[in-house]
2 protein chains.
Amino acid sequence: MQIDGKAYRSIWPVKNHLAVEIIDQRKLPHEFEIVRLETLEEAATAIRDMYVRGAPLIGATAAYGVCLALKESPTDASLEQAVAVLQSTRPTAINLRWALSGMQKWLANLPASERLEAAFTYAAQICDEDVALCRAMGNNGFELIDTLWKQHSRTINILTHCNAGWLATVDWGTALAPIYMAHDAGIPVHVWVDETRPRNQGAHLTAWELGQHGVPYTVIVDNAGGHLMQHGQVDICFVGTDRTTASGDVCNKIGTYLKALAAKDNGVPFYVCAPSPSIDWAINDGLKEIPIEQRGEEEVHTLSGIDVKGHISTIKITPDKAPVSNYAFDVTPAKLITGLVTERGVCEASPAGLQGLFPEKYGTLT
Amino acid sequence: MQIDGKAYRSIWPVKNHLAVEIIDQRKLPHEFEIVRLETLEEAATAIRDMYVRGAPLIGATAAYGVCLALKESPTDASLEQAVAVLQSTRPTAINLRWALSGMQKWLANLPASERLEAAFTYAAQICDEDVALCRAMGNNGFELIDTLWKQHSRTINILTHCNAGWLATVDWGTALAPIYMAHDAGIPVHVWVDETRPRNQGAHLTAWELGQHGVPYTVIVDNAGGHLMQHGQVDICFVGTDRTTASGDVCNKIGTYLKALAAKDNGVPFYVCAPSPSIDWAINDGLKEIPIEQRGEEEVHTLSGIDVKGHISTIKITPDKAPVSNYAFDVTPAKLITGLVTERGVCEASPAGLQGLFPEKYGTLT
């Protein structure tokens with residue numbers, strides 16, 4: 001997508017240097033800074049300290065982390081250590097595990113002398129596959145916006161939560177891919193961006209990436225979406241998913257469930273952009289089977305932004321010694337979801353809906 | 001209620017000085033500072049710049065503002081000017097209008113020489129009436145908590161939104177009154193405090209006042225309440241109301257509607273503490289008839305807290321030139337409300353429910 005008129009991905013190799021570059025997302029939207037990763041440790045730090053975030057981008061960064069380790073030493077020991085170090089950076093990120101186990105399987109059988117080049121090739125392939133996945137999903141979601149546009153012939157208002165944009169993937173994004181495609185196709189769209197406390201990925205990242213690409217948007221507090229839906233100011237919702245069950249329940253950023261309830265209450269279509277890698281075919285009941293991680297208390301206690309002097313500053317907003325709780329995700333039951341947008345098409349959020357698009361996943365179970 | 005073990009109201013006269021004192025709520029929870037108001041202009045500033053907020057406390061402060069004007073000059077012109085100045089501070093605050101028109105009617109017919117003493121008497125009466133109203137409402141809400149306690153014999157978990165505590169009234173509060181009474185009666189309660197973006201009255205004020213009084217609480221982001229209700233961690237919700245319709249719709253701080261939806265979806269009782277002065281008997285359909293005020297954009301762009309040096313600091317959290325929208329309230333339809341807690345008792349949020357408690361309001365219409 002575009003930054004200041006120039007096309008970017010969220011991670012890219014710098015070939016001559018055998019390095020990769022990323023955007024330091026911790027500083028967005030206040031500073032746009034590209035960081036070069038040259039070692040395994042730098043890649044691990046970029047993941048652990050959240051220079052990069054979003055499951056697909058974490059996976060891609062881990063894959064390149066293995067490349068950087070092999071640049072130093074292409075031995076079995078080096079490969080194993082790289083996988084172990086990177087695996088420990090974000091233990092619950094599912095794409096991280098796939099990327100690393102894929103790299104390991106691919107590379108372990110190659111002679112050490114061929115590993116470095118093969119690793120860069122494989123990492124690039126992981127990136128390209130993610131872009132293709134997002135593009136296919138975006139095309140399918142685009143149809144939903146295009147239909148609304150043909151119905152209404154006015155700006156289509158879309159609500160999204162958190163950041164499921166290109167900054168969370170390699171390009172296009174998941175929930176934002178249909179929106180970018182509609183915008184690029186000339187359909188007038190406007191996005192209501194939930195700020196998404198506690199980490200404010202909406203106000204920080206979604207607002208920034210939409211603005212850079214030229215998509216009209218408005219930042220709102222997380223409390224406001226219901227009111228907008230009551231007053232006909234939202235035509236459709238698109239959100240991402242961290243984990244989708246085989247029955248169509250969706251685990252996503254905390255607060256997604258509240259917006260889905262409001263959408264249902266007001267007849268606003270609520271779509272989840274769920275690439276098939278996000279679907280956990282082994283579980284059904286999201287509320288009972290998905291454990292919800294509690295993240296650090298400081299995320300609730302504090303917020304970062306720009307102070308009056310223009311410096312990035314962190315402030316504490318709670319009383320001294322205030323107890324806080326910080327569940328990171330919630331589960332939106334399938335009954336509240338109008339449809340799942342996948343790379344193969346749009347389906348009902350139900351076992352039957354998913355089986356229609358992914359019969360092979362169910363065939364093996366019968 | 002208690003601050004550091006000492007009983008306070010949110011406003012009190014300092015008799016020897018013919019002045020009043022308030023708590024500067026803008027600095028809470030980071031600094032506890034008592035401000036003395038000695039002139040009409042100081043009282044107007046305290047209301048306009050939100051040293052004090054909450055409809056009942058605004059009304060009480062305005063009443064004392066009239067007293068301070070009459071201290072300077074008890075003439076008709078002075079009285080009229082005081083009412084005009086104070087009225088313009090927060091044009092939409094309903095208690096402000098009542099308090100001022102009540103003072104004006106009471107005082108205009110008295111000889112100038114008797115006005116000052118009468119004004120202080122009348123202002124004190126406005127305060128005492130508010131305390132009595134909140135106490136009666138608190139007693140009625142207490143019964144709901146007491147019933148849960150007798151059922152479960154464990155800590156009763158209560159969710160609240162925004163600040164409808166004693167800081168918003170003169171004492172006790174509205175939504176928090178039942179909670180203080182349960183706590184004071186020895187019932188183990190725990191309060192989930194929504195931070196309540198954009199102004200964070202939950203994290204700033206509700207957390208502070210509960211903590212000072214010794215009531216156990218936990219601050220959560222506004223996104224979290226639905227997840228807690230899905231997992232049985234909320235037994236009952238109490239919220240306040242800025243305006244209640246004759247059919248039981250409730251206009252309250254933005255985001256209240258989302259919590260009411262989640263409560264309904266999970267079978268959690270959702271009560272609104274609605275003193276009868278908050279009920280607008282002339283309107284029925286909250287969604288259609290209550291205009292929702294948009295407040296300043298800076299409330300969404302910025303947040304205040306304590307910086308690393310311990311100073312109160314304001315930071316900007318959105319991208320440069322980001323468009324924002326800031327609806328201050330939303331309407332929760334009566335269908336989502338388990339009951340209204342009033343000073344006369346608890347009733348269904350419906351015309352029939354309200355008519356049962358306030359027959360005189362309906363009698364005049366038939």
# chains A, B, ... in the order shown; residues from 1 in each chain; ligands from 1
>>> interface_residues(of="chain B", to="chain A", cutoff="8 Å", atoms="only C-alpha atoms", output="PyMOL selection string")
chain B and resi 29-30+196-198+203-204+207-208+211+217-224+226-227+230+254-259+261-262+287+300+304-308+313-320+322-327+330-331
>>> residues_around(residues="segment 119-126 of chain A", least_positions_apart="5", cutoff="8 Å", atoms="only C-alpha atoms", output="PyMOL selection string")
chain A and resi 60+63-64+66-67+99+103+107
>>> write_last_selection(atoms="C-alpha atoms", output="PDB file, in the first residue's frame")
ATOM      1  CA  ALA A  60       7.329 -13.223   7.863  1.00  0.00           C
ATOM      2  CA  ALA A  63      11.261 -16.368   8.519  1.00  0.00           C
ATOM      3  CA  TYR A  64      13.707 -13.586   7.695  1.00  0.00           C
ATOM      4  CA  VAL A  66      16.180 -17.485  10.264  1.00  0.00           C
ATOM      5  CA  CYS A  67      17.842 -16.098   7.096  1.00  0.00           C
ATOM      6  CA  ALA A  99       6.791 -20.028   9.463  1.00  0.00           C
ATOM      7  CA  MET A 103      11.650 -22.976   7.285  1.00  0.00           C
ATOM      8  CA  LEU A 107      16.264 -26.090   5.180  1.00  0.00           C
TER       9      LEU A 107
END
>>> select_by_dssp(residues="segment 126-265 of chain B", states="alpha helix (DSSP H)", output="MDAnalysis selection string")
chainID B and resid 126:152 177:184 201 207:213 225:230 256:265
>>> residues_around(residues="Leu144 of chain A", least_positions_apart="4", cutoff="12 Å", atoms="only C-alpha atoms", output="PyMOL selection string")
chain A and resi 137-140+148-151+156+158+178-179+181-182+187+235-238+269-271+273+338-341+345-347
>>> residues_around(residues="segment 37-39 of chain A", least_positions_apart="5", cutoff="7 Å", atoms="only C-alpha atoms", output="list in words")
Ala19, Val20, Glu21, Leu68 and Ala69 of chain A
>>> write_last_selection(atoms="N, CA and C atoms", output="PDB file, in the first residue's frame")
ATOM      1  N   ALA A  19      20.104  -8.222   4.342  1.00  0.00           N
ATOM      2  CA  ALA A  19      19.377  -7.741   5.520  1.00  0.00           C
ATOM      3  C   ALA A  19      17.916  -7.562   5.123  1.00  0.00           C
ATOM      4  N   VAL A  20      17.081  -7.234   6.098  1.00  0.00           N
ATOM      5  CA  VAL A  20      15.690  -6.894   5.782  1.00  0.00           C
ATOM      6  C   VAL A  20      15.351  -5.581   6.462  1.00  0.00           C
ATOM      7  N   GLU A  21      14.343  -4.918   5.926  1.00  0.00           N
ATOM      8  CA  GLU A  21      13.896  -3.674   6.544  1.00  0.00           C
ATOM      9  C   GLU A  21      12.430  -3.779   6.934  1.00  0.00           C
ATOM     10  N   LEU A  68      18.763 -14.438   8.590  1.00  0.00           N
ATOM     11  CA  LEU A  68      19.846 -13.630   9.152  1.00  0.00           C
ATOM     12  C   LEU A  68      20.770 -14.485  10.025  1.00  0.00           C
ATOM     13  N   ALA A  69      20.181 -15.479  10.703  1.00  0.00           N
ATOM     14  CA  ALA A  69      21.002 -16.389  11.501  1.00  0.00           C
ATOM     15  C   ALA A  69      21.898 -17.230  10.592  1.00  0.00           C
TER      16      ALA A  69
END
>>> closest_residue(among="B:Gln294, B:Ser247, B:Gln201, B:Asn284", to="Arg26 of chain B", atoms="only C-alpha atoms")
B:Gln201
>>> atom_distance(atom1="atom CA of Cys134 of chain B", atom2="atom CA of Ala349 of chain B")
18.9 Å
>>> residues_around(residues="Gln104 of chain A", least_positions_apart="4", cutoff="9 Å", atoms="only C-alpha atoms", output="list of chain:residue names")
A:Val66, A:Leu79, A:Glu80, A:Val83, A:Ala99, A:Leu100, A:Ala108, A:Asn109
>>> write_last_selection(atoms="C-alpha atoms", output="compact mmCIF listing (two decimals), in the first residue's frame")
# COMPACT_ATOMS: atom_id res chain seq x y z
CA VAL A 66 16.18 -17.49 10.26
CA LEU A 79 19.33 -23.26 12.40
CA GLU A 80 18.03 -24.93 15.53
CA VAL A 83 14.18 -21.40 15.53
CA ALA A 99 6.79 -20.03 9.46
CA LEU A 100 9.50 -21.46 11.66
CA ALA A 108 17.29 -29.02 7.39
CA ASN A 109 17.51 -31.36 4.42
>>> closest_residue(among="B:Ala263, B:Ala334, B:Val191, B:Ala118", to="Cys251 of chain B", atoms="only C-alpha atoms")
B:Ala334
>>> closest_residue(among="A:Gly240, A:Gly214, A:Gly232, A:Gly5", to="Gly54 of chain A", atoms="only C-alpha atoms")
A:Gly240
>>> closest_residue(among="A:Thr61, A:His213, A:Gln233, A:Glu293", to="Pro91 of chain A", atoms="only C-alpha atoms")
A:Glu293
>>> closest_residue(among="B:Ala246, B:Gln2, B:Leu116, B:Asn252", to="Glu348 of chain B", atoms="only C-alpha atoms")
B:Ala246
